[in-house]
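*Asks:* So that we are looking at the same thing, I have put the structure below in structure tokens.
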Amino acid sequence: MAAKEERSVWGGAARPVERSQPASESTATLLRELVAHLRQQRTVLREEWARRITEARLLTAMTEEEVFAEATSVYDNYVEALETGTFEALQAYARDLSERIIPRGVETHEVVGIVLLLRDVLARSLFAKYREDFAKLDRILDAYEPAANSIANTVAVGFVQERERVIRQQQEAIRELSTPVLQVRERLLILPIIGVIDPQRARQLTEQLLQAIRTNRAKVVVIDITGVAAMDKAVANHLVQTVEASRLLGATVIVTGLSPEIAQTLVTIGVDLSEMATVGDLQGGIEEAERLLGYQVSDIKEVSQKS
Amino acid sequence: MQVPILKQGSYLIASIQSSLTDSDLCQLRDALVGQVGRFRARGVIIDVTPLDVMDSFAVRTLRDLAHMTRLRGSETVIVGIQPEVAFAMVQLGLTLRGISTALDLEEGLAFLDSRTDEAHGRD
Amino acid sequence: MAETEILVPIDSEVDIISARRHGRDLARSAGFSLGDQTVIATAVSEIARNILMYAKRGEVRFRVVNDGDRCGLIVVAADRGPGIADVDLALQEGHSTAGGLGLGLPGARRLMDDFEIVTAVGEGTAITMRKWRGK
């Protein structure tokens with residue numbers, strides 16, 4: 001329910017001062033005053049917040065020191081956002097923080113939870129300070145709440161976005177890892193490589209290909225790298241190794257789709273390409289492969305006609 | 001561990017049965033180079049399927065063997081290199097350049113047939 | 001995983017086969033892929049032969065280590081042979097003083113993730129190499 005209430009505020013909360021527009025000047029003054037208070041109480045409040053985080057059993061994947069260090073940064077960024085009314089720095093920090101804690105298994109509810117706790121800790125402190133003057137307390141909270149809500153919103157959205165990015169990246173990695181070795185006709189395999197090749201992926205591709213050559217009794221393999229944007233020396237050498245290892249299993253490799261950039265890289269870094277057959281595009285490569293396969297077939301036919 | 005050498009038509013087939021010591025490999029090399037002449041073999045097939053490691057010594061010995069038999073008029077084909085062995089070999093820097101390889105015994109025989117047929121065609 | 005150490009003495013050709021077999025078996029039980037098992041066995045073969053060729057006898061030791069979330073296999077090849085006068089030269093591709101391909105040490109180094117030589121002329125040589133799992 002609380003979340004729902006906040007959502008309605010978030011809608012117009014990108015500019016925290018807007019809500020109390022008629023009293024905008026005094027809102028700015030009030031915010032300055034409360035920022036000064038929060039700066040002054042930094043040590044106490046930060047400790048109180050860290051304690052509440054531990055009590056609520058949030059961020060359990062992190063050590064107490066780590067929680068405290070992050071709490072300090074979040075606190076400072078939070079106060080700064082309150083002061084400036086701009087969220088760029090906080091957004092950047094939230095992304096950075098998410099990047100660090102997502103691999104540790106920190107969940108969305110924990111991040112939302114700690115930000116709401118901070119909001120609560122700070123509100124209580126304001127309450128304690130101004131409870132003698134209810135009218136002022138009212139105005140302070142009016143200035144504080146929309147800003148605090150926007151901050152909570154920014155951090156939560158930042159976290160979720162980062163999480164989605166990580167998931168997308170992982171899906172991409174999985175998809176890329178499962179590059180298929182295709183058998184297009186008997187004894188002919190095609191390996192289309194798309195995306196980024198790092199040494200680990202190159203290694204997996206080679207192992208897959210060599211197994212497939214054996215299983216399918218392939219004589220010719222076309223490796224198409226049209227979809228590969230860049231290639232460094234390590235990967236280029238790996239490609240040469242793949243060609244050579246395939247030959248040890250009795251298969252000829254034709255490489256197709258070398259982009260001008262990659263061709264230039266290969267020549268510049270001096271990769272030994274003397275053993276590598278290359279053809280411009282995939283279609284040309286398949287034609288060449290069929291010629292190689294067909295050449296052997298017609299050869300045997302000729303012989304059987306003779307005998 | 002002696003490697004049995006079979007004569008089939010005009011080919012000699014050496015089927016390695018298990019891991020070989022360096023001396024076993026040298027012995028195999030000497031035996032094949034000798035028998036190529038004695039049987040007037042046109043081709044030699046060495047089946048290395050059971051080898052789970054081909055290190056620099058093994059590769060050098062097989063390479064010497066292939067060169068020697070070629071000088072004596074016989075083409076050597078190495079067959080049955082395992083995928084992971086092939087990958088380890090190239091990572092080590094061993095490529096058997098200039099030496100024929102085939103997937104297995106059947107492919108090796110087909111390769112030698114096509115080679116000797118080519119030679120016949122030229123006659 | 002228990003950190004057991006396996007020791008294989010090297011003083012004849014058969015011991016080279018025995019050393020690489022032990023290396024492969026340990027790598028397999030530690031969960032290394034077939035490709036990595038083969039790479040480790042090949043590197044072991046090279047350094048074991050090196051012992052036999054230059055020092056006549058020595059030993060190869062194997063150990064599995066867990067370093068945080070990484071798991072590695074450590075191979076140590078030690079001998080009390082003549083030592084290596086010029087390590088840089090010995091690690092140069094194509095350099096051989098015993099009529100090999102000159103791929104032994106540089107090849108083993110290329111196959112493994114870490115490779116370190118400690119040697120003193122007249123005292124012996126210790127080569128330590130390591131492969132991390134799933135790299």
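Naming works like this for the structure tokens: A, B, ... for the chains as they're shown, residue 1 at the start of each chain, ligands 1 onward in shown order.
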Do a neighbour search on stretch 71-79 of chain B at 6 Å with only C-alpha atoms, toss out local chain neighbours closer than 5 positions, and write the hits as a list in words.
*Replies:*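 Everything that qualifies: Arg42, Gly43, Val44, Ile45, Ile46, Asp47, Ala66, Ser100, Thr101, Ala102, Leu103 and Asp104 of chain B.
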*Asks:* Applying 10 Å and only C-alpha atoms, which residues near B:Ala31 remain after dropping the ones on its own chain fewer than 5 positions away? List them as a ChimeraX atom specification.
*Replies:* /B:3,5,25-26,36,65
*Asks:* Sort by chain and increasing residue number a table of all residues of chain B within 8 Å of chain A, each with its closest pair of atoms and their distance in Å to one decimal, counting only C-alpha atoms, and write it as a tab-separated table.
*Replies:*
```
residue	atom	partner	partner_atom	distance
B:Val79	CA	A:Leu249	CA	7.6
B:Gly80	CA	A:Leu249	CA	7.2
B:Ile81	CA	A:Leu249	CA	6.1
B:Gln82	CA	A:Leu249	CA	7.5
B:Pro83	CA	A:Leu210	CA	5.3
B:Glu84	CA	A:Glu207	CA	7.3
B:Ala86	CA	A:Ala245	CA	5.1
B:Phe87	CA	A:Ala245	CA	5.5
B:Met89	CA	A:Ala245	CA	7.7
B:Val90	CA	A:Gln241	CA	5.7
B:Gln91	CA	A:Gln241	CA	7.0
B:Thr95	CA	A:Glu244	CA	6.4
B:Leu96	CA	A:Leu248	CA	7.7
B:Ser100	CA	A:Gly250	CA	7.9
B:Thr101	CA	A:Gly250	CA	5.1
B:Ala102	CA	A:Gly250	CA	3.9
B:Leu103	CA	A:Leu249	CA	4.9
B:Ser114	CA	A:Ile300	CA	7.4
B:Asp117	CA	A:Val303	CA	7.5
```
*Asks:* Check chain C with DSSP on the backbone and list each residue it calls alpha helix (DSSP H), as a count of residues only.
*Replies:* 50
*Asks:* What are the residues of chain C that have an atom within 8 Å of an atom of chain B, counting only C-alpha atoms, as a PyMOL selection string?
*Replies:* chain C and resi 13-14+16-17+34-35+38-39+41-43+45-46+100-101+103-104+107-108+110-111
*Asks:* Please dump the current selection as a compact mmCIF listing (two decimals), in the first residue's frame; keep N, CA, C and O atoms.
*Replies:*
```
# COMPACT_ATOMS: atom_id res chain seq x y z
N GLU C 13 61.91 -44.43 -19.66
CA GLU C 13 60.92 -43.96 -20.62
C GLU C 13 59.48 -44.26 -20.19
O GLU C 13 58.58 -43.47 -20.42
N VAL C 14 59.31 -45.44 -19.58
CA VAL C 14 57.95 -45.82 -19.17
C VAL C 14 57.39 -44.83 -18.15
O VAL C 14 56.18 -44.61 -18.09
N ILE C 16 57.60 -41.70 -18.22
CA ILE C 16 56.98 -40.55 -18.89
C ILE C 16 55.50 -40.86 -19.10
O ILE C 16 54.64 -40.03 -18.81
N ILE C 17 55.24 -42.08 -19.55
CA ILE C 17 53.84 -42.47 -19.77
C ILE C 17 53.08 -42.50 -18.45
O ILE C 17 51.96 -42.01 -18.34
N LEU C 34 37.89 -32.70 -21.00
CA LEU C 34 38.72 -33.65 -21.74
C LEU C 34 39.85 -32.91 -22.46
O LEU C 34 41.00 -33.36 -22.49
N GLY C 35 39.51 -31.74 -23.03
CA GLY C 35 40.52 -30.94 -23.73
C GLY C 35 41.65 -30.53 -22.79
O GLY C 35 42.82 -30.66 -23.13
N THR C 38 43.91 -33.40 -21.71
CA THR C 38 44.87 -33.74 -22.76
C THR C 38 46.01 -32.74 -22.80
O THR C 38 47.17 -33.10 -22.96
N VAL C 39 45.65 -31.48 -22.64
CA VAL C 39 46.67 -30.42 -22.63
C VAL C 39 47.64 -30.63 -21.46
O VAL C 39 48.86 -30.55 -21.61
N ALA C 41 48.25 -33.49 -19.82
CA ALA C 41 49.02 -34.71 -20.05
C ALA C 41 50.16 -34.45 -21.04
O ALA C 41 51.27 -34.95 -20.88
N THR C 42 49.88 -33.62 -22.06
CA THR C 42 50.90 -33.34 -23.07
C THR C 42 52.04 -32.51 -22.47
O THR C 42 53.22 -32.80 -22.70
N ALA C 43 51.68 -31.51 -21.67
CA ALA C 43 52.71 -30.68 -21.03
C ALA C 43 53.56 -31.52 -20.09
O ALA C 43 54.79 -31.38 -20.02
N SER C 45 54.14 -34.69 -20.30
CA SER C 45 54.98 -35.54 -21.13
C SER C 45 56.27 -34.80 -21.52
O SER C 45 57.36 -35.35 -21.46
N GLU C 46 56.11 -33.53 -21.89
CA GLU C 46 57.27 -32.75 -22.32
C GLU C 46 58.27 -32.54 -21.18
O GLU C 46 59.47 -32.73 -21.36
N GLY C 100 65.99 -32.64 -30.00
CA GLY C 100 64.52 -32.70 -30.06
C GLY C 100 64.01 -31.64 -31.03
O GLY C 100 64.77 -31.05 -31.79
N LEU C 101 62.70 -31.39 -30.95
CA LEU C 101 62.12 -30.34 -31.80
C LEU C 101 62.36 -28.97 -31.19
O LEU C 101 62.07 -27.95 -31.78
N LEU C 103 60.71 -27.98 -28.72
CA LEU C 103 59.38 -27.50 -28.34
C LEU C 103 59.03 -27.87 -26.91
O LEU C 103 58.02 -27.45 -26.39
N GLY C 104 59.90 -28.67 -26.29
CA GLY C 104 59.60 -29.20 -24.96
C GLY C 104 59.17 -28.13 -23.97
O GLY C 104 57.99 -28.01 -23.65
N GLY C 107 56.85 -25.27 -25.38
CA GLY C 107 55.55 -25.87 -25.68
C GLY C 107 54.75 -26.07 -24.40
O GLY C 107 53.57 -25.71 -24.32
N ALA C 108 55.40 -26.64 -23.39
CA ALA C 108 54.72 -26.88 -22.11
C ALA C 108 54.25 -25.55 -21.53
O ALA C 108 53.13 -25.44 -21.03
N ARG C 110 53.43 -22.92 -23.17
CA ARG C 110 52.29 -22.41 -23.95
C ARG C 110 51.00 -23.14 -23.57
O ARG C 110 49.92 -22.58 -23.62
N LEU C 111 51.14 -24.42 -23.21
CA LEU C 111 49.94 -25.21 -22.91
C LEU C 111 49.35 -24.85 -21.55
O LEU C 111 48.15 -24.99 -21.33
```
*Asks:* Determine, using only C-alpha atoms, which residues of chain C have any atom at most 12 Å from an atom of chain A, and tabulate each with its shortest atom pair and distance in Å to one decimal place, rows ordered by chain and then rising number, as CSV.
*Replies:*
```
residue,atom,partner,partner_atom,distance
C:Ser33,CA,A:Glu207,CA,10.5
C:Leu34,CA,A:Glu207,CA,9.8
C:Gly35,CA,A:Glu207,CA,7.7
C:Asp36,CA,A:Glu207,CA,10.8
C:Arg133,CA,A:Gln200,CA,11.9
C:Gly134,CA,A:Gln200,CA,8.8
C:Lys135,CA,A:Gln200,CA,6.6
```
*Asks:* If you keep C-alpha atoms, can you produce a file of those selected residues as an mmCIF file, in the first residue's frame?
*Replies:*
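Contents of the output file selection.cif:
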```cif
data_model
loop_
_atom_site.group_PDB
_atom_site.id
_atom_site.type_symbol
_atom_site.label_atom_id
_atom_site.label_comp_id
_atom_site.auth_asym_id
_atom_site.auth_seq_id
_atom_site.Cartn_x
_atom_site.Cartn_y
_atom_site.Cartn_z
ATOM 1 C CA SER C 33 37.457 -30.950 -19.396
ATOM 2 C CA LEU C 34 38.720 -33.647 -21.741
ATOM 3 C CA GLY C 35 40.515 -30.942 -23.729
ATOM 4 C CA ASP C 36 42.311 -29.653 -20.638
ATOM 5 C CA ARG C 133 40.007 -25.308 -14.452
ATOM 6 C CA GLY C 134 37.470 -23.975 -16.960
ATOM 7 C CA LYS C 135 39.657 -21.268 -18.401
#
```
*Asks:* What does the distance from atom CA of A:Glu186 to atom CA of A:Arg291 come to in Å, to one decimal?
*Replies:* 13.4 Å
*Asks:* Report, in Å with one decimal, the straight-line distance from atom CA of A:Ile114 to atom CA of A:Ile102.
*Replies:*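 Value for the atom CA of A:Ile114-atom CA of A:Ile102 distance: 14.9 Å.
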*Asks:* Considering only C-alpha atoms, return as JSON, numbers by chain whatever protein or nucleic-acid residues lie within 6 Å of stretch 56-61 of chain C, sequence-local ones (same chain, fewer than 3 positions apart) excluded.
*Replies:* {"C": [6, 7, 8, 9, 10, 11, 52, 53, 75, 76, 77, 78, 79]}
*Asks:* Keeping only N, CA, C and O atoms, write the selected residues to a file as a PDB file, in the first residue's frame.
*Replies:*
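Okay, this is what ended up in selection_18.pdb:
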```
ATOM      1  N   ILE C   6      50.541 -36.344  -5.506  1.00  0.00           N
ATOM      2  CA  ILE C   6      50.959 -37.572  -6.173  1.00  0.00           C
ATOM      3  C   ILE C   6      52.379 -37.376  -6.658  1.00  0.00           C
ATOM      4  O   ILE C   6      52.695 -36.331  -7.234  1.00  0.00           O
ATOM      5  N   LEU C   7      53.219 -38.371  -6.376  1.00  0.00           N
ATOM      6  CA  LEU C   7      54.613 -38.259  -6.786  1.00  0.00           C
ATOM      7  C   LEU C   7      54.942 -39.382  -7.759  1.00  0.00           C
ATOM      8  O   LEU C   7      54.648 -40.549  -7.489  1.00  0.00           O
ATOM      9  N   VAL C   8      55.495 -39.023  -8.897  1.00  0.00           N
ATOM     10  CA  VAL C   8      55.911 -40.032  -9.871  1.00  0.00           C
ATOM     11  C   VAL C   8      57.414 -39.890 -10.104  1.00  0.00           C
ATOM     12  O   VAL C   8      57.860 -38.862 -10.616  1.00  0.00           O
ATOM     13  N   PRO C   9      58.190 -40.896  -9.700  1.00  0.00           N
ATOM     14  CA  PRO C   9      59.634 -40.835  -9.973  1.00  0.00           C
ATOM     15  C   PRO C   9      59.886 -41.049 -11.466  1.00  0.00           C
ATOM     16  O   PRO C   9      59.186 -41.833 -12.099  1.00  0.00           O
ATOM     17  N   ILE C  10      60.862 -40.331 -11.992  1.00  0.00           N
ATOM     18  CA  ILE C  10      61.193 -40.465 -13.414  1.00  0.00           C
ATOM     19  C   ILE C  10      62.617 -41.007 -13.519  1.00  0.00           C
ATOM     20  O   ILE C  10      63.560 -40.342 -13.088  1.00  0.00           O
ATOM     21  N   ASP C  11      62.768 -42.246 -14.001  1.00  0.00           N
ATOM     22  CA  ASP C  11      64.115 -42.617 -14.409  1.00  0.00           C
ATOM     23  C   ASP C  11      64.151 -43.595 -15.585  1.00  0.00           C
ATOM     24  O   ASP C  11      65.198 -44.187 -15.863  1.00  0.00           O
ATOM     25  N   LEU C  52      64.368 -36.757 -18.123  1.00  0.00           N
ATOM     26  CA  LEU C  52      65.056 -37.970 -18.552  1.00  0.00           C
ATOM     27  C   LEU C  52      66.230 -37.631 -19.482  1.00  0.00           C
ATOM     28  O   LEU C  52      67.304 -38.225 -19.380  1.00  0.00           O
ATOM     29  N   MET C  53      66.011 -36.658 -20.364  1.00  0.00           N
ATOM     30  CA  MET C  53      67.035 -36.337 -21.357  1.00  0.00           C
ATOM     31  C   MET C  53      68.236 -35.652 -20.735  1.00  0.00           C
ATOM     32  O   MET C  53      69.365 -35.934 -21.086  1.00  0.00           O
ATOM     33  N   VAL C  75      51.724 -28.814 -11.293  1.00  0.00           N
ATOM     34  CA  VAL C  75      52.683 -29.859 -11.628  1.00  0.00           C
ATOM     35  C   VAL C  75      54.068 -29.315 -11.315  1.00  0.00           C
ATOM     36  O   VAL C  75      54.408 -28.210 -11.748  1.00  0.00           O
ATOM     37  N   VAL C  76      54.832 -30.081 -10.553  1.00  0.00           N
ATOM     38  CA  VAL C  76      56.216 -29.683 -10.277  1.00  0.00           C
ATOM     39  C   VAL C  76      57.129 -30.788 -10.789  1.00  0.00           C
ATOM     40  O   VAL C  76      56.962 -31.946 -10.429  1.00  0.00           O
ATOM     41  N   ALA C  77      58.073 -30.415 -11.643  1.00  0.00           N
ATOM     42  CA  ALA C  77      59.050 -31.378 -12.141  1.00  0.00           C
ATOM     43  C   ALA C  77      60.405 -30.989 -11.589  1.00  0.00           C
ATOM     44  O   ALA C  77      60.871 -29.880 -11.836  1.00  0.00           O
ATOM     45  N   ALA C  78      61.009 -31.862 -10.796  1.00  0.00           N
ATOM     46  CA  ALA C  78      62.271 -31.509 -10.135  1.00  0.00           C
ATOM     47  C   ALA C  78      63.338 -32.550 -10.411  1.00  0.00           C
ATOM     48  O   ALA C  78      63.043 -33.742 -10.474  1.00  0.00           O
ATOM     49  N   ASP C  79      64.560 -32.077 -10.586  1.00  0.00           N
ATOM     50  CA  ASP C  79      65.677 -33.008 -10.752  1.00  0.00           C
ATOM     51  C   ASP C  79      66.939 -32.404 -10.155  1.00  0.00           C
ATOM     52  O   ASP C  79      66.992 -31.213  -9.865  1.00  0.00           O
TER      53      ASP C  79
END
```
*Asks:* Closest to C:Gly72 among C:Leu26, C:Ile84, C:Val44, C:Ile127, using only C-alpha atoms?
*Replies:*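 Checking each candidate against C:Gly72, we get C:Leu26 as the closest.
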*Asks:* Among the residues of chain C, find those DSSP assigns to strand (DSSP E or B) from the backbone and print them as a PyMOL selection string.
*Replies:* chain C and resi 5-10+58-67+70-79+114-120+124-132
*Asks:* Using Å and a single decimal, report how far atom CA of A:Asn77 sits from atom CA of A:Val115.
*Replies:* 11.7 Å
*Asks:* Considering only C-alpha atoms, return as a tab-separated table (two decimals) with N, CA and C atoms, in the first residue's frame whatever protein or nucleic-acid residues lie within 10 Å of stretch 82-85 of chain A, sequence-local ones (same chain, fewer than 4 positions apart) excluded.
*Replies:*
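Contents of the output file around31.tsv:
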```
chain	number	residue	atom	x	y	z
A	14	ALA	N	10.03	14.15	-10.42
A	14	ALA	CA	11.35	14.28	-11.02
A	14	ALA	C	12.00	15.60	-10.62
A	15	ARG	N	11.16	16.62	-10.47
A	15	ARG	CA	11.67	17.89	-9.95
A	15	ARG	C	11.04	18.09	-8.57
A	16	PRO	N	11.76	17.79	-7.53
A	16	PRO	CA	11.17	17.68	-6.19
A	16	PRO	C	10.55	18.98	-5.67
A	17	VAL	N	10.99	20.11	-6.18
A	17	VAL	CA	10.47	21.37	-5.63
A	17	VAL	C	9.13	21.74	-6.26
A	28	ALA	N	13.17	25.74	-1.16
A	28	ALA	CA	14.62	25.69	-1.37
A	28	ALA	C	15.35	26.00	-0.07
A	31	LEU	N	14.99	23.05	2.25
A	31	LEU	CA	15.86	21.94	1.84
A	31	LEU	C	17.30	22.21	2.27
A	32	ARG	N	17.72	23.46	2.08
A	32	ARG	CA	19.09	23.83	2.50
A	32	ARG	C	19.26	23.58	3.99
A	33	GLU	N	18.24	23.96	4.73
A	33	GLU	CA	18.32	23.81	6.18
A	33	GLU	C	18.41	22.34	6.57
A	34	LEU	N	17.57	21.52	5.91
A	34	LEU	CA	17.59	20.12	6.32
A	34	LEU	C	18.84	19.40	5.84
A	35	VAL	N	19.38	19.86	4.70
A	35	VAL	CA	20.65	19.29	4.24
A	35	VAL	C	21.75	19.58	5.26
A	36	ALA	N	21.77	20.81	5.74
A	36	ALA	CA	22.76	21.18	6.76
A	36	ALA	C	22.62	20.28	7.98
A	76	ASP	N	25.91	10.01	1.44
A	76	ASP	CA	26.46	11.26	0.89
A	76	ASP	C	25.79	11.62	-0.43
A	77	ASN	N	25.60	10.60	-1.28
A	77	ASN	CA	24.94	10.86	-2.56
A	77	ASN	C	23.50	11.31	-2.36
A	78	TYR	N	22.87	10.70	-1.37
A	78	TYR	CA	21.49	11.01	-1.05
A	78	TYR	C	21.35	12.48	-0.63
A	143	ALA	N	8.82	19.47	2.08
A	143	ALA	CA	9.95	19.65	1.17
A	143	ALA	C	10.73	18.35	1.03
A	144	TYR	N	10.84	17.65	2.14
A	144	TYR	CA	11.67	16.44	2.18
A	144	TYR	C	11.06	15.28	1.42
A	146	PRO	N	8.82	14.60	-1.15
A	146	PRO	CA	8.90	14.35	-2.61
A	146	PRO	C	10.33	14.11	-3.08
A	147	ALA	N	11.26	14.84	-2.49
A	147	ALA	CA	12.66	14.65	-2.88
A	147	ALA	C	13.11	13.25	-2.51
A	148	ALA	N	12.77	12.83	-1.31
A	148	ALA	CA	13.16	11.50	-0.84
A	148	ALA	C	12.56	10.42	-1.71
A	150	SER	N	11.68	10.70	-4.87
A	150	SER	CA	12.37	10.66	-6.16
A	150	SER	C	13.68	9.91	-6.06
A	151	ILE	N	14.36	10.14	-4.94
A	151	ILE	CA	15.64	9.47	-4.77
A	151	ILE	C	15.43	7.95	-4.71
```
*Asks:* Residues near A:Ala56, anyone? I mean within 12 Å using only C-alpha atoms, not counting same-chain ones fewer than 2 positions away, as a PyMOL selection string.
*Replies:* chain A and resi 49-54+58-60+109-110+113-114+116-117
